[in-house]
$ cat my_file.cif   # mmCIF, C-alpha atoms
data_input
loop_
_atom_site.label_atom_id
_atom_site.label_comp_id
_atom_site.auth_asym_id
_atom_site.auth_seq_id
_atom_site.Cartn_x
_atom_site.Cartn_y
_atom_site.Cartn_z
CA MET D 1 19.00 25.18 -27.42
CA SER D 2 17.80 22.09 -29.25
CA PHE D 3 20.93 20.24 -28.05
CA PHE D 4 19.99 20.86 -24.41
CA CYS D 5 16.41 19.75 -25.08
CA ILE D 6 17.67 16.50 -26.62
CA THR D 7 20.16 15.98 -23.78
CA PHE D 8 17.83 16.65 -20.88
CA ALA D 9 14.65 15.07 -22.26
CA PRO D 10 15.75 11.47 -21.47
CA MET D 11 16.89 12.58 -18.00
CA ILE D 12 13.50 14.16 -17.31
CA GLN D 13 11.75 10.99 -18.50
CA ILE D 14 13.94 8.80 -16.27
CA GLY D 15 13.24 11.11 -13.34
CA THR D 16 9.49 10.84 -14.00
CA ILE D 17 9.63 7.04 -14.17
CA LEU D 18 11.67 6.83 -10.95
CA SER D 19 9.19 9.14 -9.22
CA ILE D 20 6.28 6.96 -10.38
CA ILE D 21 8.05 3.80 -9.19
CA PHE D 22 8.82 5.34 -5.79
CA LYS D 23 5.25 6.57 -5.29
CA GLY D 24 3.77 3.28 -6.46
CA MET D 25 5.93 1.15 -4.19
CA LEU D 26 5.23 3.43 -1.23
CA ILE D 27 1.48 3.16 -1.87
CA GLY D 28 1.75 -0.63 -2.15
CA ILE D 29 3.67 -0.90 1.13
CA ILE D 30 1.37 1.44 3.08
CA ALA D 31 -1.74 -0.33 1.77
CA SER D 32 -0.38 -3.75 2.75
CA ALA D 33 1.39 -3.04 6.02
CA PRO D 34 -1.43 -2.67 8.62
CA MET D 35 -2.28 -5.90 10.40
CA GLY D 36 -5.84 -6.38 9.21
CA PRO D 37 -7.46 -9.81 8.75
CA VAL D 38 -5.15 -10.71 5.84
CA GLY D 39 -2.04 -9.46 7.64
CA VAL D 40 -2.85 -11.62 10.65
CA LEU D 41 -3.68 -14.54 8.34
CA CYS D 42 -0.30 -14.11 6.66
CA LEU D 43 1.50 -14.13 10.02
CA GLN D 44 -0.43 -17.17 11.20
CA ARG D 45 0.36 -19.17 8.08
CA THR D 46 4.01 -18.15 8.21
CA ILE D 47 4.29 -19.31 11.82
CA ASN D 48 2.16 -22.46 11.51
CA LYS D 49 2.79 -23.60 7.93
CA GLY D 50 6.01 -21.99 6.82
CA ARG D 51 7.32 -18.87 5.12
CA TRP D 52 6.16 -19.58 1.57
CA TYR D 53 2.59 -20.28 2.66
CA GLY D 54 2.60 -16.86 4.29
CA PHE D 55 4.13 -15.21 1.23
CA VAL D 56 1.59 -16.81 -1.13
CA THR D 57 -1.12 -15.45 1.19
CA GLY D 58 0.39 -11.99 0.74
CA CYS D 59 0.44 -12.48 -3.04
CA GLY D 60 -3.30 -13.10 -3.00
CA ALA D 61 -3.83 -9.89 -1.04
CA ALA D 62 -1.55 -8.01 -3.47
CA LEU D 63 -3.65 -9.09 -6.46
CA SER D 64 -6.80 -7.89 -4.74
CA ASP D 65 -5.10 -4.60 -3.88
CA LEU D 66 -4.18 -4.17 -7.55
CA ILE D 67 -7.83 -4.54 -8.56
CA TYR D 68 -8.92 -1.88 -6.05
CA ALA D 69 -6.03 0.38 -7.09
CA LEU D 70 -7.10 0.13 -10.75
CA LEU D 71 -10.72 0.90 -9.84
CA THR D 72 -9.59 3.90 -7.81
CA GLY D 73 -7.15 5.20 -10.42
CA TYR D 74 -9.47 4.92 -13.39
CA GLY D 75 -12.36 6.30 -11.36
CA MET D 76 -10.31 9.37 -10.49
CA SER D 77 -9.14 9.73 -14.09
CA PHE D 78 -12.75 10.30 -15.21
CA VAL D 79 -12.98 13.35 -12.96
CA PHE D 80 -9.44 14.53 -13.59
CA ASP D 81 -10.45 18.16 -14.20
CA TYR D 82 -12.05 18.26 -10.77
CA VAL D 83 -8.99 16.56 -9.23
CA SER D 84 -6.52 18.97 -10.85
CA ASN D 85 -8.59 22.04 -9.89
CA ASN D 86 -8.89 20.94 -6.27
CA ILE D 87 -5.54 19.25 -5.76
CA PHE D 88 -4.80 21.14 -2.51
CA TYR D 89 -8.05 20.05 -0.87
CA LEU D 90 -7.71 16.50 -2.14
CA GLN D 91 -4.14 16.23 -0.85
CA LEU D 92 -5.32 17.68 2.44
CA PHE D 93 -8.17 15.16 2.52
CA GLY D 94 -5.77 12.36 1.61
CA SER D 95 -3.35 13.27 4.39
CA ILE D 96 -6.17 13.51 6.97
CA LEU D 97 -7.62 10.19 5.82
CA LEU D 98 -4.17 8.63 6.06
CA LEU D 99 -3.70 10.09 9.55
CA LEU D 100 -7.05 8.66 10.69
CA PHE D 101 -6.08 5.31 9.19
CA GLY D 102 -2.79 5.41 11.10
CA ILE D 103 -4.60 6.21 14.36
CA TYR D 104 -7.06 3.39 13.72
CA THR D 105 -4.21 0.98 13.01
CA PHE D 106 -2.36 2.07 16.16
CA ASN D 107 -5.44 1.53 18.35
CA SER D 108 -6.62 -1.72 16.75
CA ASN D 109 -5.75 -5.09 18.24
CA PRO D 110 -4.96 -7.61 15.47
CA VAL D 111 -4.69 -10.42 18.02
CA LYS D 112 -8.51 -10.57 18.09
CA ALA D 113 -8.44 -11.79 14.49
CA LEU D 114 -6.28 -14.80 15.32
CA ARG D 115 -7.78 -18.22 14.72
CA ALA D 116 -6.87 -21.62 16.07
CA PRO D 117 -4.18 -23.18 13.85
CA SER D 118 -5.35 -25.86 11.43
CA GLY D 119 -3.47 -29.09 10.93
CA ASN D 120 -4.17 -28.99 7.19
CA LYS D 121 -1.74 -26.74 5.30
CA GLY D 122 -3.74 -26.81 2.07
CA SER D 123 -2.25 -26.08 -1.34
CA TYR D 124 -0.47 -22.87 -2.29
CA LEU D 125 -3.36 -22.09 -4.64
CA HIS D 126 -5.88 -22.48 -1.80
CA ASN D 127 -3.86 -20.15 0.44
CA PHE D 128 -3.56 -17.64 -2.41
CA LEU D 129 -7.27 -17.66 -3.24
CA THR D 130 -8.49 -17.38 0.34
CA ALA D 131 -6.31 -14.31 0.95
CA PHE D 132 -7.44 -12.82 -2.38
CA LEU D 133 -11.12 -13.28 -1.50
CA VAL D 134 -10.74 -12.00 2.06
CA THR D 135 -9.09 -8.80 0.79
CA LEU D 136 -11.55 -8.42 -2.09
CA SER D 137 -14.47 -8.67 0.34
CA ASN D 138 -13.44 -5.36 1.94
CA PRO D 139 -14.36 -2.55 -0.51
CA LEU D 140 -13.43 0.06 2.12
CA ILE D 141 -9.86 -0.40 0.87
CA ILE D 142 -10.89 1.94 -1.94
CA LEU D 143 -11.07 4.78 0.60
CA LEU D 144 -7.47 4.09 1.58
CA PHE D 145 -6.38 4.12 -2.07
CA ILE D 146 -8.27 7.37 -2.70
CA GLY D 147 -6.38 8.94 0.20
CA LEU D 148 -3.04 7.58 -0.98
CA PHE D 149 -3.59 8.53 -4.63
CA ALA D 150 -4.62 12.05 -3.64
CA ARG D 151 -1.76 12.44 -1.18
CA PHE D 152 0.92 11.38 -3.68
CA SER D 153 -0.76 12.87 -6.80
CA PHE D 154 -0.60 9.42 -8.33
CA VAL D 155 -3.19 9.99 -11.08
CA GLU D 156 -2.02 12.59 -13.62
CA GLN D 157 -3.41 13.64 -16.97
CA GLY D 158 -1.39 12.95 -20.11
CA GLU D 159 0.54 10.01 -18.68
CA LEU D 160 1.96 7.60 -21.23
CA VAL D 161 0.67 4.04 -21.20
CA SER D 162 4.13 2.89 -20.13
CA GLU D 163 4.03 5.28 -17.15
CA THR D 164 0.57 4.10 -16.11
CA VAL D 165 1.58 0.43 -16.35
CA THR D 166 4.79 1.17 -14.44
CA GLY D 167 2.79 2.88 -11.70
CA TYR D 168 0.42 0.00 -11.09
CA LEU D 169 3.17 -2.61 -11.36
CA SER D 170 5.08 -0.59 -8.75
CA ILE D 171 2.10 -0.82 -6.38
CA VAL D 172 2.15 -4.61 -6.75
CA CYS D 173 5.93 -4.70 -6.29
CA GLY D 174 5.65 -2.59 -3.15
CA ALA D 175 3.01 -4.92 -1.73
CA LEU D 176 5.01 -8.04 -2.64
CA LEU D 177 8.16 -6.51 -1.15
CA TRP D 178 6.32 -5.95 2.12
CA TRP D 179 4.97 -9.50 2.26
CA PHE D 180 8.37 -10.94 1.28
CA VAL D 181 10.22 -9.03 4.02
CA LEU D 182 7.52 -9.64 6.63
CA THR D 183 7.35 -13.40 6.07
CA ARG D 184 11.13 -13.70 5.97
CA VAL D 185 11.56 -11.84 9.27
CA VAL D 186 8.72 -13.71 10.99
CA SER D 187 10.00 -17.09 9.76
CA LYS D 188 13.43 -16.29 11.22
CA VAL D 189 12.09 -15.33 14.65
CA ARG D 190 8.87 -17.32 14.78
CA ALA D 191 10.03 -19.23 17.84
CA GLN D 192 10.15 -15.91 19.71
CA PHE D 193 7.22 -14.26 17.89
CA ASN D 194 4.20 -14.08 20.20
CA LEU D 195 0.91 -12.21 20.50
CA ARG D 196 2.64 -9.18 21.95
CA GLY D 197 4.98 -9.13 18.96
CA ILE D 198 2.00 -8.93 16.57
CA TRP D 199 0.44 -6.13 18.65
CA MET D 200 3.69 -4.16 18.82
CA LEU D 201 4.31 -4.57 15.07
CA ASN D 202 0.84 -3.21 14.32
CA ARG D 203 1.44 -0.22 16.61
CA LEU D 204 4.76 0.51 14.94
CA ILE D 205 3.06 0.42 11.52
CA GLY D 206 0.38 2.78 12.81
CA VAL D 207 3.02 5.26 14.00
CA ILE D 208 4.83 5.15 10.64
CA VAL D 209 1.58 5.76 8.73
CA MET D 210 0.77 8.70 11.03
CA ILE D 211 4.23 10.20 10.47
CA VAL D 212 3.80 9.92 6.69
CA ALA D 213 0.39 11.61 7.00
CA VAL D 214 1.69 14.45 9.17
CA VAL D 215 4.63 15.07 6.84
CA GLY D 216 2.16 15.13 3.94
CA LEU D 217 -0.02 17.67 5.77
CA VAL D 218 2.96 19.93 6.42
CA ILE D 219 4.17 19.72 2.80
CA THR D 220 0.66 20.41 1.47
CA CYS D 221 0.13 23.43 3.74
CA LEU D 222 3.60 24.84 3.05
CA GLY D 223 3.12 24.38 -0.68
CA GLU D 224 -0.20 26.23 -0.57
CA SER D 225 1.28 29.08 1.51
CA LEU D 226 4.05 29.58 -1.08
CA TYR D 227 1.42 30.23 -3.72
#
$ encode --input "my_file.cif" --output "structure tokens"
Amino acid sequence: MSFFCITFAPMIQIGTILSIIFKGMLIGIIASAPMGPVGVLCLQRTINKGRWYGFVTGCGAALSDLIYALLTGYGMSFVFDYVSNNIFYLQLFGSILLLLFGIYTFNSNPVKALRAPSGNKGSYLHNFLTAFLVTLSNPLIILLFIGLFARFSFVEQGELVSETVTGYLSIVCGALLWWFVLTRVVSKVRAQFNLRGIWMLNRLIGVIVMIVAVVGLVITCLGESLY
């Protein structure tokens, strides 16, 4: 019996870490993907200044997202007993909030946030800091993280420090992966990328977020019915 415990313990730990990484990266991507002010700013800088200016803009947004994710996670950890006792309702709330966010994203028009291009590229640090401050100035992002954390049961009691650090690093990696892929794709097709392209991309993101929310609702309701 002890042999099986020794054999399967590392496998269980690896499975837990992989699950945390997957959830964290998914949260980072979903939080970054909608074309809000920073998303539009990233696209503009990629088109007008070049790919790396756009990516550095995304890095600034990712750092701000990390701060809000930490505030959300540690805030929820203080009321963990309430969270664990009401996990069904919180997951339901998270899925509904995510669905509403997807609908809002689908119906929003990011083109309105476009600004006239500036002839001055500025330094990478300037592009990083402006994106960081723009994202940080929107505390409503916390609501999105609350919904995502509840939906994916991201905050759990008894986590090791290594698991907690892995989780939050995964959120940053997910966000950076999104900005890296987005700026690379836009830089490749920027000659053909127009206002309609931005609008269509935002609608596609909205649909994906809504699908994730609906799947979450179904899983939550089915899980509750089994108990």
$ closest_residue --input "my_file.cif" --among "D:Thr183, D:Ser137, D:Gln91, D:Thr164" --to "D:Ile17" --atoms "all atoms listed in the file"
D:Thr164
$ resolve_selection --input "my_file.cif" --expression "the PyMOL selection byres ((chain D and resi 19) around 12)" --output "list in words"
Ile12, Gln13, Ile14, Gly15, Thr16, Ile17, Leu18, Ile20, Ile21, Phe22, Lys23, Gly24, Met25, Leu26, Phe152, Ser153, Phe154, Glu163, Thr166, Gly167 and Ser170 of chain D
$ closest_residue --input "my_file.cif" --among "D:Ala150, D:Leu92, D:Val172, D:Ile142" --to "D:Leu222" --atoms "all atoms listed in the file"
D:Leu92
$ resolve_selection --input "my_file.cif" --expression "the PyMOL selection byres ((chain D and resi 33) around 12)" --output "MDAnalysis selection string"
chainID D and resid 25:32 34:40 42:43 58 61:62 65 101:102 105:106 174:183 201:209
$ atom_distance --input "my_file.cif" --atom1 "atom CA of D:Cys59" --atom2 "atom CA of D:Phe128"
6.6 Å
$ atom_distance --input "my_file.cif" --atom1 "atom CA of D:Ile198" --atom2 "atom CA of D:Ala213"
22.7 Å
$ atom_distance --input "my_file.cif" --atom1 "atom CA of D:Leu133" --atom2 "atom CA of D:Leu100"
25.4 Å
$ closest_residue --input "my_file.cif" --among "D:Ala131, D:Val214, D:Ile141, D:Cys173" --to "D:Val56" --atoms "all atoms listed in the file"
D:Ala131
$ closest_residue --input "my_file.cif" --among "D:Val186, D:Ile47, D:Met210, D:Leu169" --to "D:Asn107" --atoms "all atoms listed in the file"
D:Met210
$ closest_residue --input "my_file.cif" --among "D:Ser95, D:Ser108, D:Thr220, D:Gln44" --to "D:Leu148" --atoms "only C-alpha atoms"
D:Ser95
$ closest_residue --input "my_file.cif" --among "D:Pro139, D:Tyr68, D:Arg190, D:Leu217" --to "D:Asn48" --atoms "all atoms listed in the file"
D:Arg190
$ build_atoms --input "my_file.cif" --residues "stretch 20-54 of chain D" --atoms "N, CA and C atoms" --output "PDB file, keeping the file's coordinate frame"
ATOM      1  N   ILE D  20       7.469   7.823 -10.321  1.00  0.00           N
ATOM      2  CA  ILE D  20       6.280   6.960 -10.380  1.00  0.00           C
ATOM      3  C   ILE D  20       6.531   5.652  -9.634  1.00  0.00           C
ATOM      4  N   ILE D  21       7.704   5.065  -9.861  1.00  0.00           N
ATOM      5  CA  ILE D  21       8.050   3.800  -9.190  1.00  0.00           C
ATOM      6  C   ILE D  21       8.088   3.985  -7.679  1.00  0.00           C
ATOM      7  N   PHE D  22       8.719   5.077  -7.226  1.00  0.00           N
ATOM      8  CA  PHE D  22       8.820   5.340  -5.790  1.00  0.00           C
ATOM      9  C   PHE D  22       7.440   5.512  -5.169  1.00  0.00           C
ATOM     10  N   LYS D  23       6.601   6.341  -5.814  1.00  0.00           N
ATOM     11  CA  LYS D  23       5.250   6.570  -5.290  1.00  0.00           C
ATOM     12  C   LYS D  23       4.440   5.280  -5.278  1.00  0.00           C
ATOM     13  N   GLY D  24       4.528   4.524  -6.372  1.00  0.00           N
ATOM     14  CA  GLY D  24       3.770   3.280  -6.460  1.00  0.00           C
ATOM     15  C   GLY D  24       4.172   2.277  -5.399  1.00  0.00           C
ATOM     16  N   MET D  25       5.462   2.109  -5.206  1.00  0.00           N
ATOM     17  CA  MET D  25       5.930   1.150  -4.190  1.00  0.00           C
ATOM     18  C   MET D  25       5.542   1.601  -2.796  1.00  0.00           C
ATOM     19  N   LEU D  26       5.614   2.902  -2.543  1.00  0.00           N
ATOM     20  CA  LEU D  26       5.230   3.430  -1.230  1.00  0.00           C
ATOM     21  C   LEU D  26       3.744   3.189  -0.979  1.00  0.00           C
ATOM     22  N   ILE D  27       2.919   3.413  -2.000  1.00  0.00           N
ATOM     23  CA  ILE D  27       1.480   3.160  -1.870  1.00  0.00           C
ATOM     24  C   ILE D  27       1.230   1.677  -1.612  1.00  0.00           C
ATOM     25  N   GLY D  28       1.923   0.799  -2.336  1.00  0.00           N
ATOM     26  CA  GLY D  28       1.750  -0.630  -2.150  1.00  0.00           C
ATOM     27  C   GLY D  28       2.135  -1.092  -0.745  1.00  0.00           C
ATOM     28  N   ILE D  29       3.217  -0.529  -0.223  1.00  0.00           N
ATOM     29  CA  ILE D  29       3.670  -0.900   1.130  1.00  0.00           C
ATOM     30  C   ILE D  29       2.691  -0.407   2.191  1.00  0.00           C
ATOM     31  N   ILE D  30       2.275   0.868   2.080  1.00  0.00           N
ATOM     32  CA  ILE D  30       1.370   1.440   3.080  1.00  0.00           C
ATOM     33  C   ILE D  30       0.025   0.718   3.068  1.00  0.00           C
ATOM     34  N   ALA D  31      -0.455   0.366   1.871  1.00  0.00           N
ATOM     35  CA  ALA D  31      -1.740  -0.330   1.770  1.00  0.00           C
ATOM     36  C   ALA D  31      -1.683  -1.730   2.352  1.00  0.00           C
ATOM     37  N   SER D  32      -0.518  -2.363   2.309  1.00  0.00           N
ATOM     38  CA  SER D  32      -0.380  -3.750   2.750  1.00  0.00           C
ATOM     39  C   SER D  32       0.033  -3.890   4.217  1.00  0.00           C
ATOM     40  N   ALA D  33       0.715  -2.884   4.736  1.00  0.00           N
ATOM     41  CA  ALA D  33       1.390  -3.040   6.020  1.00  0.00           C
ATOM     42  C   ALA D  33       0.486  -3.245   7.237  1.00  0.00           C
ATOM     43  N   PRO D  34      -0.627  -2.505   7.396  1.00  0.00           N
ATOM     44  CA  PRO D  34      -1.430  -2.670   8.620  1.00  0.00           C
ATOM     45  C   PRO D  34      -1.896  -4.102   8.815  1.00  0.00           C
ATOM     46  N   MET D  35      -1.928  -4.528  10.077  1.00  0.00           N
ATOM     47  CA  MET D  35      -2.280  -5.900  10.400  1.00  0.00           C
ATOM     48  C   MET D  35      -3.785  -6.092  10.472  1.00  0.00           C
ATOM     49  N   GLY D  36      -4.422  -6.048   9.292  1.00  0.00           N
ATOM     50  CA  GLY D  36      -5.840  -6.380   9.210  1.00  0.00           C
ATOM     51  C   GLY D  36      -6.010  -7.877   9.170  1.00  0.00           C
ATOM     52  N   PRO D  37      -7.210  -8.355   8.799  1.00  0.00           N
ATOM     53  CA  PRO D  37      -7.460  -9.810   8.750  1.00  0.00           C
ATOM     54  C   PRO D  37      -6.445 -10.564   7.892  1.00  0.00           C
ATOM     55  N   VAL D  38      -6.084 -10.003   6.720  1.00  0.00           N
ATOM     56  CA  VAL D  38      -5.150 -10.710   5.840  1.00  0.00           C
ATOM     57  C   VAL D  38      -3.736 -10.660   6.407  1.00  0.00           C
ATOM     58  N   GLY D  39      -3.358  -9.546   7.018  1.00  0.00           N
ATOM     59  CA  GLY D  39      -2.040  -9.460   7.640  1.00  0.00           C
ATOM     60  C   GLY D  39      -1.866 -10.482   8.738  1.00  0.00           C
ATOM     61  N   VAL D  40      -2.888 -10.614   9.574  1.00  0.00           N
ATOM     62  CA  VAL D  40      -2.850 -11.620  10.650  1.00  0.00           C
ATOM     63  C   VAL D  40      -2.846 -13.025  10.058  1.00  0.00           C
ATOM     64  N   LEU D  41      -3.651 -13.234   9.007  1.00  0.00           N
ATOM     65  CA  LEU D  41      -3.680 -14.540   8.340  1.00  0.00           C
ATOM     66  C   LEU D  41      -2.312 -14.891   7.781  1.00  0.00           C
ATOM     67  N   CYS D  42      -1.641 -13.904   7.202  1.00  0.00           N
ATOM     68  CA  CYS D  42      -0.300 -14.110   6.660  1.00  0.00           C
ATOM     69  C   CYS D  42       0.684 -14.507   7.760  1.00  0.00           C
ATOM     70  N   LEU D  43       0.617 -13.804   8.897  1.00  0.00           N
ATOM     71  CA  LEU D  43       1.500 -14.130  10.020  1.00  0.00           C
ATOM     72  C   LEU D  43       1.219 -15.537  10.546  1.00  0.00           C
ATOM     73  N   GLN D  44      -0.066 -15.852  10.699  1.00  0.00           N
ATOM     74  CA  GLN D  44      -0.430 -17.170  11.200  1.00  0.00           C
ATOM     75  C   GLN D  44       0.108 -18.287  10.297  1.00  0.00           C
ATOM     76  N   ARG D  45      -0.082 -18.126   9.016  1.00  0.00           N
ATOM     77  CA  ARG D  45       0.360 -19.170   8.080  1.00  0.00           C
ATOM     78  C   ARG D  45       1.884 -19.256   8.031  1.00  0.00           C
ATOM     79  N   THR D  46       2.546 -18.121   8.178  1.00  0.00           N
ATOM     80  CA  THR D  46       4.010 -18.150   8.210  1.00  0.00           C
ATOM     81  C   THR D  46       4.507 -18.914   9.429  1.00  0.00           C
ATOM     82  N   ILE D  47       3.875 -18.661  10.563  1.00  0.00           N
ATOM     83  CA  ILE D  47       4.290 -19.310  11.820  1.00  0.00           C
ATOM     84  C   ILE D  47       3.916 -20.790  11.835  1.00  0.00           C
ATOM     85  N   ASN D  48       2.679 -21.097  11.390  1.00  0.00           N
ATOM     86  CA  ASN D  48       2.160 -22.460  11.510  1.00  0.00           C
ATOM     87  C   ASN D  48       2.498 -23.366  10.330  1.00  0.00           C
ATOM     88  N   LYS D  49       2.591 -22.775   9.121  1.00  0.00           N
ATOM     89  CA  LYS D  49       2.790 -23.600   7.930  1.00  0.00           C
ATOM     90  C   LYS D  49       4.148 -23.419   7.282  1.00  0.00           C
ATOM     91  N   GLY D  50       4.732 -22.253   7.456  1.00  0.00           N
ATOM     92  CA  GLY D  50       6.010 -21.990   6.820  1.00  0.00           C
ATOM     93  C   GLY D  50       5.989 -20.685   6.039  1.00  0.00           C
ATOM     94  N   ARG D  51       7.173 -20.185   5.731  1.00  0.00           N
ATOM     95  CA  ARG D  51       7.320 -18.870   5.120  1.00  0.00           C
ATOM     96  C   ARG D  51       6.584 -18.733   3.792  1.00  0.00           C
ATOM     97  N   TRP D  52       6.706 -19.737   2.912  1.00  0.00           N
ATOM     98  CA  TRP D  52       6.160 -19.580   1.570  1.00  0.00           C
ATOM     99  C   TRP D  52       4.641 -19.627   1.556  1.00  0.00           C
ATOM    100  N   TYR D  53       4.038 -20.319   2.537  1.00  0.00           N
ATOM    101  CA  TYR D  53       2.590 -20.280   2.660  1.00  0.00           C
ATOM    102  C   TYR D  53       2.135 -18.864   3.046  1.00  0.00           C
ATOM    103  N   GLY D  54       2.909 -18.236   3.920  1.00  0.00           N
ATOM    104  CA  GLY D  54       2.600 -16.860   4.290  1.00  0.00           C
ATOM    105  C   GLY D  54       2.787 -15.904   3.136  1.00  0.00           C
TER     106      GLY D  54
END
